[in-house]
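Okay, query.csv is below, CSV, C-alpha atoms:
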```csv
chain,number,residue,atom,x,y,z
J,666,MET,CA,109.0,120.6,88.8
J,667,THR,CA,108.5,117.0,87.6
J,668,ALA,CA,108.4,114.1,90.0
J,669,PRO,CA,111.4,111.7,90.0
J,670,ASN,CA,111.0,108.8,87.7
J,671,SER,CA,111.4,105.1,88.6
J,672,ALA,CA,115.2,105.1,88.0
J,673,GLU,CA,115.6,108.4,90.0
J,674,ARG,CA,113.5,107.0,92.8
J,675,LYS,CA,115.6,103.9,93.0
J,676,ALA,CA,118.8,105.9,93.0
J,677,CYS,CA,117.5,108.0,95.9
J,678,TRP,CA,116.4,105.0,97.9
J,679,GLY,CA,119.8,103.3,97.3
J,680,ALA,CA,121.6,106.4,98.6
J,681,ARG,CA,119.2,106.6,101.5
J,682,ASP,CA,119.8,103.0,102.4
J,683,ASP,CA,123.6,103.5,102.3
J,684,LEU,CA,123.4,106.5,104.5
J,685,TRP,CA,121.1,104.8,107.0
J,686,LYS,CA,123.4,101.7,107.1
J,687,CYS,CA,126.3,104.0,107.8
J,688,LEU,CA,124.5,105.9,110.5
J,689,ASP,CA,123.4,102.6,112.1
J,690,GLU,CA,127.0,101.4,112.1
J,691,HIS,CA,128.4,104.6,113.6
J,692,LYS,CA,125.6,105.0,116.2
J,693,ASP,CA,124.2,108.0,114.5
J,694,GLN,CA,127.4,110.0,114.3
J,695,THR,CA,127.2,112.2,111.2
J,696,GLY,CA,131.0,112.7,110.8
J,697,PRO,CA,132.0,109.4,109.3
J,698,CYS,CA,128.9,109.4,107.1
J,699,GLU,CA,129.4,112.8,105.5
J,700,ASN,CA,130.0,111.4,102.1
J,701,PHE,CA,126.9,109.3,102.2
J,702,GLN,CA,124.9,112.3,103.3
J,703,LYS,CA,126.2,114.3,100.3
J,704,GLN,CA,125.4,111.5,98.0
J,705,PHE,CA,122.0,111.1,99.5
J,706,GLU,CA,121.3,114.9,99.1
J,707,ALA,CA,122.5,114.8,95.6
J,708,SER,CA,120.3,111.8,94.7
J,709,CYS,CA,117.0,112.9,96.3
J,710,PRO,CA,114.8,116.0,96.0
J,711,ALA,CA,115.3,118.4,99.0
J,712,GLN,CA,111.8,117.7,100.2
J,713,TRP,CA,112.5,113.9,100.3
J,714,VAL,CA,115.7,114.4,102.2
J,715,LYS,CA,113.7,116.2,105.0
J,716,TYR,CA,111.0,113.5,104.8
J,717,PHE,CA,113.4,110.6,105.1
J,718,ALA,CA,115.3,112.2,108.0
J,719,LYS,CA,112.0,112.4,109.9
J,720,ARG,CA,111.0,108.9,108.7
J,721,ARG,CA,114.2,107.4,110.1
J,722,ASP,CA,113.5,109.0,113.5
J,723,PHE,CA,110.0,107.6,113.4
J,724,LEU,CA,111.2,104.1,112.4
J,725,LYS,CA,113.8,104.1,115.1
J,726,TYR,CA,111.2,105.3,117.7
J,727,LYS,CA,108.8,102.6,116.5
J,728,ASP,CA,111.5,100.0,116.7
J,729,LYS,CA,112.3,101.1,120.3
J,730,MET,CA,108.7,100.9,121.2
J,731,GLN,CA,108.5,97.4,119.8
J,732,THR,CA,111.7,96.0,121.4
J,733,GLU,CA,111.8,97.9,124.7
J,734,GLY,CA,108.1,98.5,125.1
J,735,PHE,CA,106.4,101.6,126.4
J,736,THR,CA,107.0,102.8,130.0
J,737,PRO,CA,104.3,105.3,130.9
J,738,ALA,CA,105.5,108.4,132.6
J,739,GLU,CA,104.7,108.5,136.3
J,740,GLY,CA,101.6,110.6,136.7
J,741,PRO,CA,100.7,112.7,139.7
J,742,LYS,CA,100.7,110.5,142.7
J,743,GLN,CA,97.3,109.7,144.0
J,744,LYS,CA,96.5,110.0,147.7
J,745,SER,CA,96.2,106.6,149.1
P,1478,VAL,CA,70.9,67.3,179.5
P,1479,VAL,CA,69.4,64.9,177.0
P,1480,LEU,CA,71.6,63.9,174.1
P,1481,HIS,CA,69.9,62.5,171.0
P,1482,THR,CA,72.0,59.6,170.1
P,1483,PRO,CA,71.0,56.5,168.4
P,1484,SER,CA,70.0,54.0,171.0
P,1485,PRO,CA,71.8,50.8,171.2
P,1486,LEU,CA,68.4,49.2,170.7
P,1487,SER,CA,68.1,50.3,167.1
P,1488,TYR,CA,71.5,49.0,166.4
P,1489,SER,CA,70.8,45.7,167.7
P,1490,PHE,CA,67.6,45.7,165.7
P,1491,LYS,CA,69.5,46.4,162.4
P,1492,SER,CA,72.0,43.7,163.0
P,1493,ALA,CA,69.3,41.4,163.9
P,1494,VAL,CA,67.8,41.6,160.4
P,1495,PRO,CA,68.6,38.3,158.7
P,1496,ARG,CA,71.0,38.6,155.7
P,1497,PRO,CA,69.5,37.5,152.4
P,1498,THR,CA,70.7,34.2,151.4
P,1499,GLY,CA,71.1,35.4,147.9
P,1500,PRO,CA,74.0,33.5,146.1
P,1501,ALA,CA,71.6,30.8,145.0
P,1502,HIS,CA,69.4,33.3,143.3
P,1503,PHE,CA,72.3,34.9,141.5
P,1504,ILE,CA,73.6,31.7,140.1
P,1505,HIS,CA,70.2,30.9,138.8
P,1506,ARG,CA,69.9,34.2,136.9
P,1507,CYS,CA,73.4,33.9,135.4
P,1508,PHE,CA,72.6,30.6,133.9
P,1509,LEU,CA,69.5,32.1,132.3
P,1510,THR,CA,71.4,34.9,130.5
P,1511,THR,CA,74.4,33.0,129.3
P,1512,GLY,CA,72.4,30.1,128.1
P,1513,PRO,CA,72.6,29.2,124.5
P,1514,LYS,CA,70.7,31.7,122.3
P,1515,PRO,CA,68.3,30.3,119.8
P,1516,GLY,CA,68.3,33.5,117.6
P,1517,ALA,CA,72.0,34.3,117.2
P,1518,LYS,CA,71.7,34.8,113.5
P,1519,SER,CA,68.8,37.2,113.8
P,1520,ALA,CA,70.7,39.2,116.4
P,1521,LYS,CA,73.6,39.6,113.9
P,1522,LEU,CA,71.2,40.7,111.3
P,1523,GLN,CA,69.6,43.1,113.8
P,1524,LEU,CA,73.1,44.6,114.4
P,1525,ARG,CA,73.5,45.1,110.7
P,1526,THR,CA,70.2,46.8,110.3
P,1527,ARG,CA,70.8,48.8,113.4
P,1528,LEU,CA,74.1,50.0,111.9
P,1529,ALA,CA,72.5,50.8,108.6
P,1530,VAL,CA,69.8,52.8,110.3
P,1531,THR,CA,72.4,54.7,112.4
P,1532,LEU,CA,74.3,55.5,109.2
P,1533,VAL,CA,71.3,56.6,107.3
P,1534,PHE,CA,70.1,58.7,110.3
P,1535,GLY,CA,73.6,60.1,110.8
P,1536,ALA,CA,74.0,61.0,107.1
P,1537,GLY,CA,70.6,62.6,107.2
P,1538,LEU,CA,71.5,64.6,110.2
P,1539,MET,CA,74.7,65.7,108.6
P,1540,GLY,CA,72.8,66.7,105.5
P,1541,VAL,CA,70.4,68.8,107.5
P,1542,TRP,CA,73.3,70.4,109.3
P,1543,TRP,CA,75.1,71.1,106.0
P,1544,TYR,CA,71.9,72.6,104.6
P,1545,VAL,CA,71.4,74.8,107.6
P,1546,TYR,CA,75.1,75.8,107.6
P,1547,SER,CA,75.1,76.8,104.0
P,1548,GLU,CA,71.8,78.6,104.3
P,1549,LYS,CA,73.3,80.5,107.3
P,1550,GLN,CA,76.5,81.3,105.3
P,1551,GLN,CA,74.4,82.7,102.4
P,1552,MET,CA,72.3,84.6,104.8
P,1553,ALA,CA,75.4,86.2,106.3
P,1554,GLN,CA,76.7,86.9,102.9
P,1555,ARG,CA,73.4,88.7,101.9
P,1556,GLN,CA,73.4,90.5,105.2
P,1557,ARG,CA,77.0,91.7,104.6
P,1558,ILE,CA,76.1,92.9,101.1
P,1559,GLU,CA,73.1,94.8,102.6
P,1560,GLN,CA,75.3,96.3,105.3
P,1561,LEU,CA,78.0,97.3,102.8
P,1562,LYS,CA,75.3,99.0,100.7
P,1563,LYS,CA,74.4,101.1,103.7
P,1564,VAL,CA,78.0,102.0,104.4
P,1565,ALA,CA,78.5,105.5,103.1
P,1566,LEU,CA,81.8,104.6,101.3
P,1567,GLY,CA,82.3,104.6,97.6
P,1568,GLN,CA,78.6,105.4,97.0
P,1569,GLY,CA,79.3,108.4,94.8
P,1570,ASN,CA,80.2,108.5,91.1
P,1571,PHE,CA,83.6,110.0,90.6
P,1572,CYS,CA,84.2,112.0,87.4
P,1573,LEU,CA,87.9,112.2,86.5
P,1574,THR,CA,90.3,112.3,83.6
P,1575,ASP,CA,92.5,109.3,82.9
P,1576,HIS,CA,96.2,109.4,82.0
P,1577,THR,CA,95.4,109.4,78.3
P,1578,GLY,CA,93.1,112.4,78.6
P,1579,ARG,CA,89.8,110.4,78.5
P,1580,ARG,CA,87.0,111.4,80.8
P,1581,ARG,CA,86.2,108.5,83.1
P,1582,ASN,CA,83.6,108.0,85.8
P,1583,LYS,CA,83.0,105.2,88.2
P,1584,ARG,CA,80.2,103.7,86.1
P,1585,ASP,CA,82.8,103.0,83.4
P,1586,PHE,CA,84.3,100.4,85.7
P,1587,LEU,CA,81.1,98.6,86.6
P,1588,GLY,CA,81.4,94.9,85.7
P,1589,GLU,CA,85.0,94.8,86.7
P,1590,TRP,CA,86.8,94.2,90.0
P,1591,VAL,CA,88.6,97.3,90.9
P,1592,LEU,CA,91.6,98.0,93.2
P,1593,LEU,CA,91.8,101.6,94.0
P,1594,TYR,CA,94.7,103.6,95.5
P,1595,PHE,CA,95.0,107.3,96.2
P,1596,GLY,CA,98.5,108.9,96.1
P,1597,PHE,CA,100.6,111.5,94.3
P,1598,THR,CA,103.5,111.3,91.9
P,1599,HIS,CA,106.0,113.2,94.1
P,1600,CYS,CA,105.4,110.7,96.9
P,1601,PRO,CA,108.8,109.6,98.4
P,1602,ASP,CA,108.4,106.0,99.3
P,1603,ILE,CA,105.0,104.8,100.5
P,1604,CYS,CA,103.0,105.4,97.2
P,1605,PRO,CA,105.5,103.7,95.0
P,1606,GLU,CA,105.8,100.8,97.4
P,1607,GLU,CA,102.0,100.4,97.6
P,1608,LEU,CA,101.6,100.7,93.9
P,1609,GLU,CA,104.3,98.1,93.3
P,1610,LYS,CA,102.5,95.8,95.8
P,1611,LEU,CA,99.2,96.5,94.1
P,1612,SER,CA,100.7,95.7,90.7
P,1613,ALA,CA,102.2,92.4,92.0
P,1614,VAL,CA,98.7,91.5,93.4
P,1615,VAL,CA,97.1,92.1,90.0
P,1616,ALA,CA,99.8,90.1,88.2
P,1617,ALA,CA,99.4,87.2,90.7
P,1618,LEU,CA,95.6,87.2,90.1
P,1619,ASP,CA,96.1,87.4,86.3
P,1620,LYS,CA,98.0,84.1,86.4
P,1621,ASP,CA,94.8,82.3,87.5
P,1622,PRO,CA,92.6,82.1,84.4
P,1623,ALA,CA,89.6,81.0,86.4
P,1624,LEU,CA,89.5,84.4,88.2
P,1625,PRO,CA,87.9,87.5,86.7
P,1626,ARG,CA,90.2,90.4,85.7
P,1627,VAL,CA,91.1,93.1,88.2
P,1628,GLN,CA,91.4,96.7,87.1
P,1629,PRO,CA,94.0,98.7,89.1
P,1630,LEU,CA,93.3,102.4,89.5
P,1631,PHE,CA,95.5,105.2,90.8
P,1632,VAL,CA,93.8,108.5,91.8
P,1633,THR,CA,96.0,111.5,92.6
P,1634,VAL,CA,95.4,113.6,95.7
P,1635,ASP,CA,97.7,116.3,94.3
P,1636,PRO,CA,95.9,117.5,91.1
P,1637,VAL,CA,97.8,120.8,91.1
P,1638,ARG,CA,101.0,119.1,90.1
P,1639,ASP,CA,99.7,115.8,88.8
P,1640,ASP,CA,98.2,116.7,85.4
P,1641,VAL,CA,97.4,114.2,82.7
P,1642,ALA,CA,101.0,114.1,81.5
P,1643,ALA,CA,102.5,113.7,84.9
P,1644,VAL,CA,100.1,110.9,85.8
P,1645,GLY,CA,100.7,109.3,82.4
P,1646,LYS,CA,104.4,109.2,83.0
P,1647,TYR,CA,104.0,107.9,86.5
P,1648,VAL,CA,101.7,104.9,85.9
P,1649,LYS,CA,104.1,103.6,83.3
P,1650,ASP,CA,106.4,102.5,86.2
P,1651,PHE,CA,103.8,100.1,87.5
P,1652,HIS,CA,101.3,97.4,86.2
P,1653,PRO,CA,100.7,97.9,82.4
P,1654,ARG,CA,96.9,98.0,83.1
P,1655,LEU,CA,97.1,100.6,85.8
P,1656,ILE,CA,94.9,103.6,85.0
P,1657,GLY,CA,95.9,106.9,86.5
P,1658,LEU,CA,93.2,109.4,87.3
P,1659,THR,CA,93.3,113.1,87.8
P,1660,GLY,CA,91.0,116.1,87.5
P,1661,THR,CA,90.2,119.5,88.8
P,1662,GLU,CA,90.8,120.1,92.5
P,1663,GLU,CA,87.1,119.9,93.1
P,1664,GLU,CA,86.8,116.6,91.2
P,1665,VAL,CA,89.7,115.0,93.0
P,1666,LYS,CA,88.4,116.2,96.4
P,1667,GLU,CA,85.0,114.7,95.6
P,1668,ALA,CA,86.5,111.3,94.6
P,1669,GLY,CA,88.6,111.3,97.8
P,1670,ARG,CA,85.7,112.3,100.0
P,1671,ASP,CA,83.6,109.4,98.6
P,1672,TYR,CA,86.2,106.9,100.0
P,1673,ARG,CA,86.9,108.9,103.2
P,1674,VAL,CA,90.4,109.7,102.0
P,1675,TYR,CA,92.2,112.2,104.0
P,1676,ALA,CA,94.8,114.3,102.1
P,1677,SER,CA,96.7,117.4,103.3
P,1678,ALA,CA,99.5,119.1,101.6
P,1679,GLY,CA,102.5,119.9,103.8
P,1680,PRO,CA,104.5,123.2,103.8
P,1681,LYS,CA,106.3,124.2,100.6
P,1682,ASP,CA,110.1,124.5,100.6
P,1683,GLU,CA,112.3,126.9,98.6
P,1684,ASP,CA,111.7,125.3,95.2
P,1685,GLY,CA,108.0,124.9,95.8
P,1686,ASP,CA,108.1,121.2,96.5
P,1687,TYR,CA,105.8,119.7,99.1
P,1688,ILE,CA,104.7,116.4,100.4
P,1689,VAL,CA,101.0,115.4,100.7
P,1690,ASP,CA,100.1,113.5,103.8
P,1691,HIS,CA,97.2,111.1,102.8
P,1692,THR,CA,95.3,107.9,103.5
P,1693,ILE,CA,97.3,105.0,102.2
P,1694,LEU,CA,94.7,102.3,101.9
P,1695,ILE,CA,94.0,100.0,98.9
P,1696,TYR,CA,90.3,99.6,98.3
P,1697,LEU,CA,88.6,96.6,96.7
P,1698,VAL,CA,85.4,97.4,94.7
P,1699,ASN,CA,83.3,94.6,93.3
P,1700,PRO,CA,81.7,94.6,89.8
P,1701,ASP,CA,78.6,96.2,91.1
P,1702,GLY,CA,80.7,99.2,92.2
P,1703,LEU,CA,80.3,98.1,95.8
P,1704,PHE,CA,83.1,98.7,98.2
P,1705,LEU,CA,84.0,95.3,99.7
P,1706,ASP,CA,87.3,95.5,101.6
P,1707,TYR,CA,90.4,97.6,102.2
P,1708,TYR,CA,94.1,96.7,102.8
P,1709,ASN,CA,96.5,98.7,104.8
P,1710,ARG,CA,100.3,98.8,104.6
P,1711,MET,CA,100.7,95.9,106.9
P,1712,LYS,CA,99.0,93.5,104.5
P,1713,SER,CA,101.4,91.6,102.3
P,1714,GLU,CA,101.0,90.9,98.6
P,1715,GLU,CA,100.0,87.3,99.4
P,1716,GLN,CA,97.5,88.3,102.0
P,1717,ILE,CA,95.8,90.8,99.7
P,1718,SER,CA,95.7,88.3,96.8
P,1719,GLU,CA,94.2,85.6,99.1
P,1720,SER,CA,91.6,88.0,100.4
P,1721,ILE,CA,90.5,89.1,96.9
P,1722,ARG,CA,90.4,85.5,95.7
P,1723,ASN,CA,88.0,84.7,98.6
P,1724,HIS,CA,85.8,87.7,97.8
P,1725,MET,CA,85.6,86.5,94.2
P,1726,LYS,CA,84.8,83.0,95.2
P,1727,SER,CA,82.1,84.0,97.6
P,1728,VAL,CA,80.4,86.0,94.9
P,1729,LEU,CA,80.6,83.2,92.4
P,1730,SER,CA,79.1,80.7,94.9
P,1731,CYS,CA,76.3,83.2,95.6
P,1732,VAL,CA,75.1,83.1,92.0
```

Please lay out the structure from this file as structure tokens.
Amino acid sequence: MTAPNSAERKACWGARDDLWKCLDEHKDQTGPCENFQKQFEASCPAQWVKYFAKRRDFLKYKDKMQTEGFTPAEGPKQKS
Amino acid sequence: VVLHTPSPLSYSFKSAVPRPTGPAHFIHRCFLTTGPKPGAKSAKLQLRTRLAVTLVFGAGLMGVWWYVYSEKQQMAQRQRIEQLKKVALGQGNFCLTDHTGRRRNKRDFLGEWVLLYFGFTHCPDICPEELEKLSAVVAALDKDPALPRVQPLFVTVDPVRDDVAAVGKYVKDFHPRLIGLTGTEEEVKEAGRDYRVYASAGPKDEDGDYIVDHTILIYLVNPDGLFLDYYNRMKSEEQISESIRNHMKSVLSCV
């Protein structure tokens, strides 16, 4: 299996960006973005589809950490 | 009970001291200092010489400071080179095959500034982005004729799939001078180990495709083959170019 070339990579990234934009607009509801999802899967290798799904979760988590900050979980209460 | 308080007697003694009848003395002195000066011209001359002496002295002081400062800088530079030589990074001599099928080792690139990046051709987004950034940096530095040429290198961390042909096809997408390097699994591992590159292939899916998790740093190697600096993903094209420029300048000033 050969790696995607420059044009194929760009097509995949374009489809990914369209899908992500759609998901952002619809608050992560997959229903309205079904066509984008199909286009994304058609444009990218299966392994990349999985990778980008994880990547989006990570980027969103990172964004949340940066905007809302990190609230540490309450640990076991210490005897005072 | 005896209280120790100043006795009224001592008070009366103090106040009894006669005040100095000074004003007359003061006036006399004042007249002495503000009187017409006989050597006004020589005083002016003295001021000029004093100014000159101050300037010469100040310039000398600054000169000494500058000398000490530059010595210190050079000393720091030498110390840094010594430290870098001791760092166990990029000390080995990789032996790989380039994208045209030629055998290449690290010594072939001595005398050139090298930007080194490890990746794989099936890489979804990070490697192409980093290689594009690296290409842009090389192109930006190429524009300055005063600077020495930088040789960009791409080393695969996935030799099983990235043979000479695959790497040859891949490097065409980036800077025209980019050299792609591959080899046997052992050779590639050896090259990566030398730069403390972590690489680990992920699980394979139905069609045998997989993603390799790996270190995504760009390494700067000087013409002596000495590792000088590294750049992570947060560094922009401009920041990297500026850093390389400074490294090149500091080497030039050392000579």

Can you check which parts of chain J lie within 9 Å of chain P? Per residue, the shortest pair of atoms and distance in Å to one decimal, counting all atoms listed in the file, sorted by chain and number, as CSV.
```
residue,atom,partner,partner_atom,distance
J:Met666,CA,P:Asp1686,CA,7.8
J:Thr667,CA,P:Ala1643,CA,7.4
J:Ala668,CA,P:His1599,CA,4.8
J:Pro669,CA,P:His1599,CA,6.9
J:Asn670,CA,P:Tyr1647,CA,7.2
J:Ser671,CA,P:Asp1650,CA,6.1
J:Arg674,CA,P:Pro1601,CA,7.8
J:Trp678,CA,P:Asp1602,CA,8.2
J:Pro710,CA,P:Asp1686,CA,8.5
J:Ala711,CA,P:Asp1686,CA,8.1
J:Gln712,CA,P:Asp1686,CA,6.3
J:Trp713,CA,P:Pro1601,CA,6.0
J:Tyr716,CA,P:Pro1601,CA,7.8
J:Phe717,CA,P:Pro1601,CA,8.2
```

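Considering all atoms listed in the file, the residue among J:Arg721, J:Ala680, J:Glu733, J:Gly740 positioned nearest to Lys703 (chain J) is J:Ala680.
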
When distances are computed from only C-alpha atoms, which of P:Gln1628, P:Asn1723, P:Gln1556, P:Gln1716 shows the smallest separation from Glu1589 (chain P)?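 The closest residue to Glu1589 (chain P) is P:Gln1628.
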
- Need the neighbours of (122.4, 109.6, 98.0): which residues are at most 9 Å away, counting only C-alpha atoms, as a count of residues only? 19

Query raised in the report: Using all atoms listed in the file, which of P:Val1541, P:Leu1703, P:Val1615, P:Leu1524 sits nearest Glu1719 (chain P)?
Result: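 Checking each candidate against Glu1719 (chain P), we get P:Val1615 as the closest.
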
For CA of Glu699 (chain J) and CA of Asp722 (chain J), the interatomic separation in Å (one decimal):
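One can read the CA of Glu699 (chain J) to CA of Asp722 (chain J) distance as 18.2 Å.
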
For Gly1567 (chain P), which residue out of P:Arg1527, P:Lys1610, P:Arg1673, P:Arg1581 is the nearest one, using only C-alpha atoms?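 Checking each candidate against Gly1567 (chain P), we get P:Arg1673 as the closest.
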
Tell me, as a PDB file with C-alpha atoms, in the coordinates of the input, which residues lie within 10 Å of Ser1727 (chain P), counting only C-alpha atoms; anything in the same chain fewer than 5 positions away does not count.
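Final output, part_32.pdb:
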```
ATOM      1  CA  GLN P1550      76.500  81.300 105.300  1.00  0.00           C
ATOM      2  CA  GLN P1551      74.400  82.700 102.400  1.00  0.00           C
ATOM      3  CA  GLN P1554      76.700  86.900 102.900  1.00  0.00           C
ATOM      4  CA  ILE P1721      90.500  89.100  96.900  1.00  0.00           C
ATOM      5  CA  ARG P1722      90.400  85.500  95.700  1.00  0.00           C
ATOM      6  CA  VAL P1732      75.100  83.100  92.000  1.00  0.00           C
TER       7      VAL P1732
END
```

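Reported to one decimal place, the separation of CA of Pro1636 (chain P) from CA of Ala1613 (chain P) is 25.9 Å.
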
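For the residues P:Arg1584, P:Arg1555, P:His1691, P:Lys1666, ranking by smallest atom-to-atom distance to Ala1678 (chain P) using all atoms listed in the file places P:His1691 first.
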
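One distance worth recording is that between CA of Cys698 (chain J) and CA of Val714 (chain J), which is 14.9 Å.
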
Counting all atoms listed in the file, closest pick from P:Asn1699, P:Ser1713, P:Thr1574, P:Thr1531 relative to Ile1656 (chain P) is P:Thr1574

For Ser1677 (chain P): contacts at 9 Å, all atoms listed in the file, fewer than 2 positions along chain excluded, given as a ChimeraX atom specification: /P:1634,1675,1679,1688-1691
